[in-house]
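> Structure: work-v3.csv, CSV, C-alpha atoms.
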chain,number,residue,atom,x,y,z
E,16,MET,CA,0.7,-42.9,21.7
E,17,PRO,CA,2.5,-39.5,21.9
E,18,VAL,CA,5.7,-39.5,23.8
E,19,PHE,CA,5.7,-35.8,24.7
E,20,ASP,CA,2.7,-34.0,26.1
E,21,TYR,CA,3.1,-30.2,26.4
E,22,SER,CA,0.8,-27.5,27.5
E,23,PRO,CA,-1.3,-26.1,24.6
E,24,ALA,CA,0.8,-22.9,24.5
E,25,VAL,CA,4.0,-24.8,23.8
E,26,ALA,CA,2.5,-27.9,22.1
E,27,ALA,CA,1.0,-25.9,19.2
E,28,ASP,CA,4.3,-25.7,17.3
E,29,PRO,CA,5.3,-29.1,15.8
E,30,GLU,CA,8.9,-28.0,15.6
E,31,VAL,CA,9.0,-28.2,19.4
E,32,TYR,CA,8.1,-31.9,19.2
E,33,ARG,CA,10.8,-32.5,16.7
E,34,ILE,CA,13.5,-30.7,18.7
E,35,HIS,CA,12.4,-32.5,21.9
E,36,ALA,CA,12.6,-35.9,20.1
E,37,ARG,CA,16.2,-35.0,19.3
E,38,GLU,CA,17.0,-33.8,22.8
E,39,GLU,CA,15.7,-36.8,24.7
E,40,SER,CA,18.0,-39.5,26.1
E,41,TYR,CA,17.7,-42.9,24.5
E,42,PRO,CA,19.1,-46.3,25.4
E,43,ASN,CA,20.8,-46.6,22.0
E,44,SER,CA,21.1,-44.9,18.6
E,45,VAL,CA,18.6,-47.2,17.0
E,46,ALA,CA,15.9,-46.2,19.4
E,47,GLU,CA,16.9,-42.6,19.0
E,48,GLN,CA,16.7,-42.7,15.2
E,49,ALA,CA,13.4,-44.6,15.3
E,50,GLU,CA,11.8,-42.1,17.6
E,51,ILE,CA,13.0,-39.1,15.7
E,52,LYS,CA,11.7,-40.6,12.5
E,53,ARG,CA,8.4,-41.4,14.1
E,54,VAL,CA,7.9,-37.8,15.3
E,55,ASP,CA,9.2,-36.3,12.0
E,56,ASP,CA,6.9,-38.6,9.9
E,57,ALA,CA,3.9,-37.7,12.1
E,58,VAL,CA,4.5,-34.0,11.7
E,59,PHE,CA,5.2,-34.2,8.0
E,60,ASP,CA,2.0,-36.2,7.5
E,61,ARG,CA,0.1,-33.3,9.0
E,62,VAL,CA,2.0,-30.7,6.9
E,63,ARG,CA,1.3,-32.8,3.8
E,64,ILE,CA,-2.4,-32.6,4.4
E,65,TYR,CA,-2.1,-28.8,4.8
E,66,GLU,CA,0.1,-28.7,1.7
E,67,ASN,CA,-2.4,-30.7,-0.3
E,68,SER,CA,-5.2,-28.3,0.8
E,69,LEU,CA,-3.1,-25.4,-0.4
E,70,VAL,CA,-2.7,-27.1,-3.8
E,71,ASP,CA,-6.4,-27.7,-4.0
E,72,SER,CA,-7.2,-24.1,-3.1
E,73,SER,CA,-4.7,-22.9,-5.7
E,74,GLY,CA,-6.4,-25.1,-8.4
E,75,ALA,CA,-9.8,-23.7,-7.5
E,76,LEU,CA,-8.4,-20.1,-7.5
E,77,ILE,CA,-6.8,-20.6,-10.9
E,78,GLU,CA,-10.1,-21.9,-12.3
E,79,ARG,CA,-12.0,-18.9,-10.9
E,80,GLY,CA,-9.3,-16.7,-12.4
E,81,ALA,CA,-9.7,-18.2,-15.8
E,82,ALA,CA,-13.5,-17.5,-15.8
E,83,LEU,CA,-12.9,-14.0,-14.5
E,84,ALA,CA,-10.3,-13.2,-17.1
E,85,LYS,CA,-12.6,-14.4,-19.8
E,86,ASP,CA,-15.4,-12.2,-18.6
E,87,ALA,CA,-13.0,-9.3,-18.4
E,88,THR,CA,-12.0,-9.8,-22.0
E,89,ASN,CA,-15.7,-9.9,-23.1
E,90,ILE,CA,-16.4,-6.7,-21.3
E,91,GLU,CA,-13.3,-5.0,-22.7
E,92,ARG,CA,-14.4,-6.1,-26.2
E,93,ALA,CA,-17.9,-4.7,-25.6
E,94,VAL,CA,-16.6,-1.4,-24.4
E,95,ARG,CA,-14.3,-1.2,-27.4
E,96,GLU,CA,-16.8,-2.3,-30.1
E,97,GLU,CA,-20.1,-1.0,-28.7
E,98,VAL,CA,-18.9,2.4,-27.4
E,99,LYS,CA,-15.4,3.4,-28.4
E,100,TYR,CA,-15.7,2.5,-32.1
E,101,GLU,CA,-19.2,4.1,-32.2
E,102,LEU,CA,-17.7,7.4,-30.8
E,103,ASP,CA,-15.4,7.5,-33.8
E,104,SER,CA,-18.4,8.0,-36.1
E,105,SER,CA,-19.7,11.5,-36.7
E,106,ARG,CA,-23.2,10.2,-36.6
E,107,VAL,CA,-22.9,8.7,-33.1
E,108,ASP,CA,-25.9,9.0,-30.8
E,109,LEU,CA,-24.1,10.3,-27.8
E,110,LYS,CA,-27.0,9.7,-25.4
E,111,LYS,CA,-27.2,6.0,-26.4
E,112,ALA,CA,-23.4,5.7,-26.2
E,113,ALA,CA,-23.4,7.3,-22.8
E,114,GLU,CA,-26.1,4.9,-21.5
E,115,ARG,CA,-24.3,1.8,-22.9
E,116,TYR,CA,-21.0,3.0,-21.5
E,117,THR,CA,-22.4,3.6,-18.0
E,118,ALA,CA,-23.8,0.1,-17.9
E,119,LEU,CA,-20.6,-1.5,-19.2
E,120,ARG,CA,-18.4,0.7,-16.9
E,121,SER,CA,-20.3,-0.6,-13.9
E,122,ARG,CA,-19.7,-4.2,-14.9
E,123,ALA,CA,-16.1,-3.4,-15.8
E,124,GLN,CA,-15.5,-1.9,-12.3
E,125,GLU,CA,-16.9,-5.0,-10.6
E,126,GLN,CA,-14.6,-7.1,-12.8
E,127,ILE,CA,-11.6,-5.0,-12.0
E,128,ASP,CA,-12.3,-5.3,-8.2
E,129,ALA,CA,-12.7,-9.1,-8.5
E,130,LEU,CA,-9.5,-9.5,-10.5
E,131,GLU,CA,-7.5,-7.4,-8.0
E,132,ARG,CA,-9.0,-9.4,-5.1
E,133,LEU,CA,-8.1,-12.6,-6.7
E,134,ALA,CA,-4.5,-11.4,-7.4
E,135,ARG,CA,-4.1,-10.6,-3.7
E,136,GLU,CA,-5.5,-14.0,-2.8
E,137,ALA,CA,-3.1,-15.7,-5.3
E,138,GLU,CA,-0.1,-13.9,-3.8
E,139,TRP,CA,-1.2,-14.8,-0.2
E,140,LEU,CA,-1.5,-18.5,-1.3
E,141,ALA,CA,1.9,-18.3,-3.1
E,142,GLU,CA,3.6,-17.2,0.1
E,143,LYS,CA,2.1,-20.2,1.9
E,144,ALA,CA,2.8,-22.7,-1.0
E,145,ASN,CA,6.4,-21.5,-1.0
E,146,ASP,CA,7.0,-22.8,2.5
E,147,PRO,CA,4.2,-25.1,3.6
E,148,TYR,CA,6.0,-26.2,6.7
E,149,ALA,CA,6.4,-22.6,8.0
E,150,ALA,CA,2.9,-21.8,6.9
E,151,TYR,CA,1.6,-24.9,8.9
E,152,ARG,CA,3.6,-23.9,11.9
E,153,ALA,CA,2.2,-20.4,11.8
E,154,LEU,CA,-1.3,-21.7,11.5
E,155,VAL,CA,-1.2,-24.1,14.5
E,156,VAL,CA,0.6,-21.6,16.6
E,157,ARG,CA,-2.1,-19.1,15.9
E,158,TYR,CA,-4.9,-21.6,16.3
E,159,PRO,CA,-3.6,-24.2,18.8
E,160,ALA,CA,-6.9,-26.1,18.7
E,161,LEU,CA,-5.7,-27.3,15.2
E,162,SER,CA,-2.5,-28.8,16.7
E,163,LYS,CA,-2.1,-32.4,17.7
E,164,LYS,CA,0.3,-34.5,19.8
E,165,TYR,CA,2.9,-36.4,17.8
Y,4,MET,CA,24.2,-26.2,20.8
Y,5,THR,CA,21.3,-25.5,18.5
Y,6,ILE,CA,19.4,-28.6,17.4
Y,7,GLN,CA,18.9,-28.8,13.6
Y,8,THR,CA,15.8,-30.5,12.3
Y,9,THR,CA,15.6,-31.9,8.8
Y,10,PRO,CA,13.6,-29.8,6.2
Y,11,TYR,CA,10.1,-30.7,5.3
Y,12,PRO,CA,10.1,-32.5,1.9
Y,13,ALA,CA,7.6,-30.3,0.0
Y,14,TYR,CA,6.1,-31.8,-3.1
Y,15,TYR,CA,4.8,-28.7,-4.9
Y,16,ARG,CA,6.6,-25.8,-3.4
Y,17,PRO,CA,8.4,-24.0,-6.3
Y,18,ARG,CA,5.9,-25.0,-9.0
Y,19,ALA,CA,2.8,-24.1,-7.1
Y,20,ALA,CA,4.1,-20.8,-5.7
Y,21,GLY,CA,5.6,-19.8,-9.0
Y,22,LEU,CA,2.4,-20.5,-10.9
Y,23,LEU,CA,0.3,-18.6,-8.3
Y,24,ARG,CA,2.6,-15.6,-8.6
Y,25,LEU,CA,2.3,-15.7,-12.4
Y,26,ARG,CA,-1.4,-15.9,-12.2
Y,27,ALA,CA,-1.5,-13.0,-9.8
Y,28,GLN,CA,0.4,-10.9,-12.4
Y,29,ASP,CA,-2.1,-12.0,-15.1
Y,30,TYR,CA,-5.1,-11.0,-13.0
Y,31,ARG,CA,-3.5,-7.6,-12.2
Y,32,GLY,CA,-2.6,-7.2,-15.9
Y,33,ALA,CA,-6.2,-8.0,-17.0
Y,34,ALA,CA,-7.6,-5.5,-14.5
Y,35,GLU,CA,-5.1,-2.9,-15.7
Y,36,GLU,CA,-6.1,-3.5,-19.4
Y,37,LEU,CA,-9.7,-3.1,-18.6
Y,38,ARG,CA,-9.1,0.1,-16.7
Y,39,ALA,CA,-7.0,1.4,-19.6
Y,40,GLU,CA,-9.9,0.6,-22.0
Y,41,LEU,CA,-12.3,2.6,-19.8
Y,42,ASP,CA,-9.9,5.5,-19.8
Y,43,ALA,CA,-9.4,5.4,-23.5
Y,44,THR,CA,-13.1,5.3,-24.1
Y,45,GLU,CA,-13.6,8.3,-21.9
Y,46,ARG,CA,-11.0,10.2,-24.0
Y,47,TYR,CA,-13.1,9.2,-27.1
Y,48,PHE,CA,-16.1,10.8,-25.3
Y,49,THR,CA,-14.1,14.0,-24.8
Y,50,THR,CA,-13.2,14.1,-28.5
Y,51,ALA,CA,-16.8,13.4,-29.5
Y,52,PHE,CA,-18.2,16.1,-27.2
Y,53,GLU,CA,-15.7,18.6,-28.7
Y,54,ARG,CA,-16.7,17.6,-32.2
Y,55,VAL,CA,-20.3,18.2,-31.4
Y,56,ASP,CA,-19.4,21.6,-29.9
Y,57,GLU,CA,-17.5,22.6,-33.0
Y,58,SER,CA,-20.2,21.4,-35.3
Y,59,SER,CA,-22.8,23.7,-33.7
Y,60,SER,CA,-23.0,26.6,-36.1
Y,61,THR,CA,-23.4,30.2,-35.0
Y,62,ARG,CA,-26.9,30.0,-36.4
Y,63,ASP,CA,-27.7,27.0,-34.1
Y,64,ARG,CA,-26.3,28.9,-31.1
Y,65,ILE,CA,-28.4,32.1,-31.9
Y,66,ARG,CA,-31.4,29.8,-32.2
Y,67,GLU,CA,-30.7,28.2,-28.8
Y,68,LEU,CA,-30.1,31.6,-27.2
Y,69,ALA,CA,-33.3,33.0,-28.7
Y,70,LYS,CA,-35.3,30.1,-27.0
Y,71,ARG,CA,-34.1,31.0,-23.5
Y,72,PRO,CA,-36.3,33.2,-21.4
Y,73,THR,CA,-35.3,36.9,-21.6
Y,74,ARG,CA,-33.4,38.3,-18.7
Y,75,ARG,CA,-33.1,42.1,-18.4
Y,76,ILE,CA,-30.8,43.9,-16.1
Y,77,GLY,CA,-32.8,45.3,-13.2
Y,78,ALA,CA,-35.9,43.3,-14.1
What would you get if you wrote out this structure as structure tokens?

Amino acid sequence: MPVFDYSPAVAADPEVYRIHAREESYPNSVAEQAEIKRVDDAVFDRVRIYENSLVDSSGALIERGAALAKDATNIERAVREEVKYELDSSRVDLKKAAERYTALRSRAQEQIDALERLAREAEWLAEKANDPYAAYRALVVRYPALSKKY
Amino acid sequence: MTIQTTPYPAYYRPRAAGLLRLRAQDYRGAAEELRAELDATERYFTTAFERVDESSSTRDRIRELAKRPTRRIGA
């Protein structure tokens, strides 16, 4: 059962609970240490769940990235071998080369956009993974419905 | 007095964040390489177009011009 019960606006930030646990009066230091540990562990358990979800998301992102990078390599090779090298020949059919290039270029542009989107997502996740506690605090402060009593 | 709390004992922090940053660089690099390949191919097109222009002989050009409808000044 939670010791402290704040209004939702204040209660969202788990750090508030941790500080409050340290500010309270206790009959003795054993009770004080036990309560601080209880609140810290409860908060850290929540953060751990969040941290694990960040790690899962990172793994999924890296898998998607591997597939995307492989596709990008294949398109790059196709552009090089089916168009660029062909253009080096004096007997190239320019109309055919232009048609093939237009098709490949469209796929390449989609791939470029997807890779750059994934890079932004990876950087966003890296920032969270670098400090899961701060990221969790920011999350529950922004969405107090996700917070809980400790 | 400011109350100090103990830091959260993160399991993965440096490794996960570092790996993600490296991957982000890889993805940007792959996008950049693909973009560079497109640019290079377009330069090859430019060269190929120039080659075709140069290989058209004067006779080809006269023939092409002769096929066009005649336009007379004041007509």
> Could you list the residues in chain Y lying within 9 Å of chain E, using all atoms listed in the file, and format the result as a PyMOL selection string?
chain Y and resi 6-31+33-38+40-41+43-45+47-48+50-52+54-55
> Report, in Å with one decimal, the straight-line distance from CA of Thr117 (chain E) to CA of Arg79 (chain E).
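About the pair CA of Thr117 (chain E) and CA of Arg79 (chain E): they are 25.8 Å apart.
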> Would you work out the distance separating CA of Asp56 (chain Y) from CA of Pro72 (chain Y), expressed in Å to one decimal?
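Between CA of Asp56 (chain Y) and CA of Pro72 (chain Y) the gap works out to 22.2 Å.
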> What is the distance, in Å and to one decimal place, between CA of Ala160 (chain E) and CA of Ala75 (chain E)?
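Between these atoms lies a distance of 26.5 Å.
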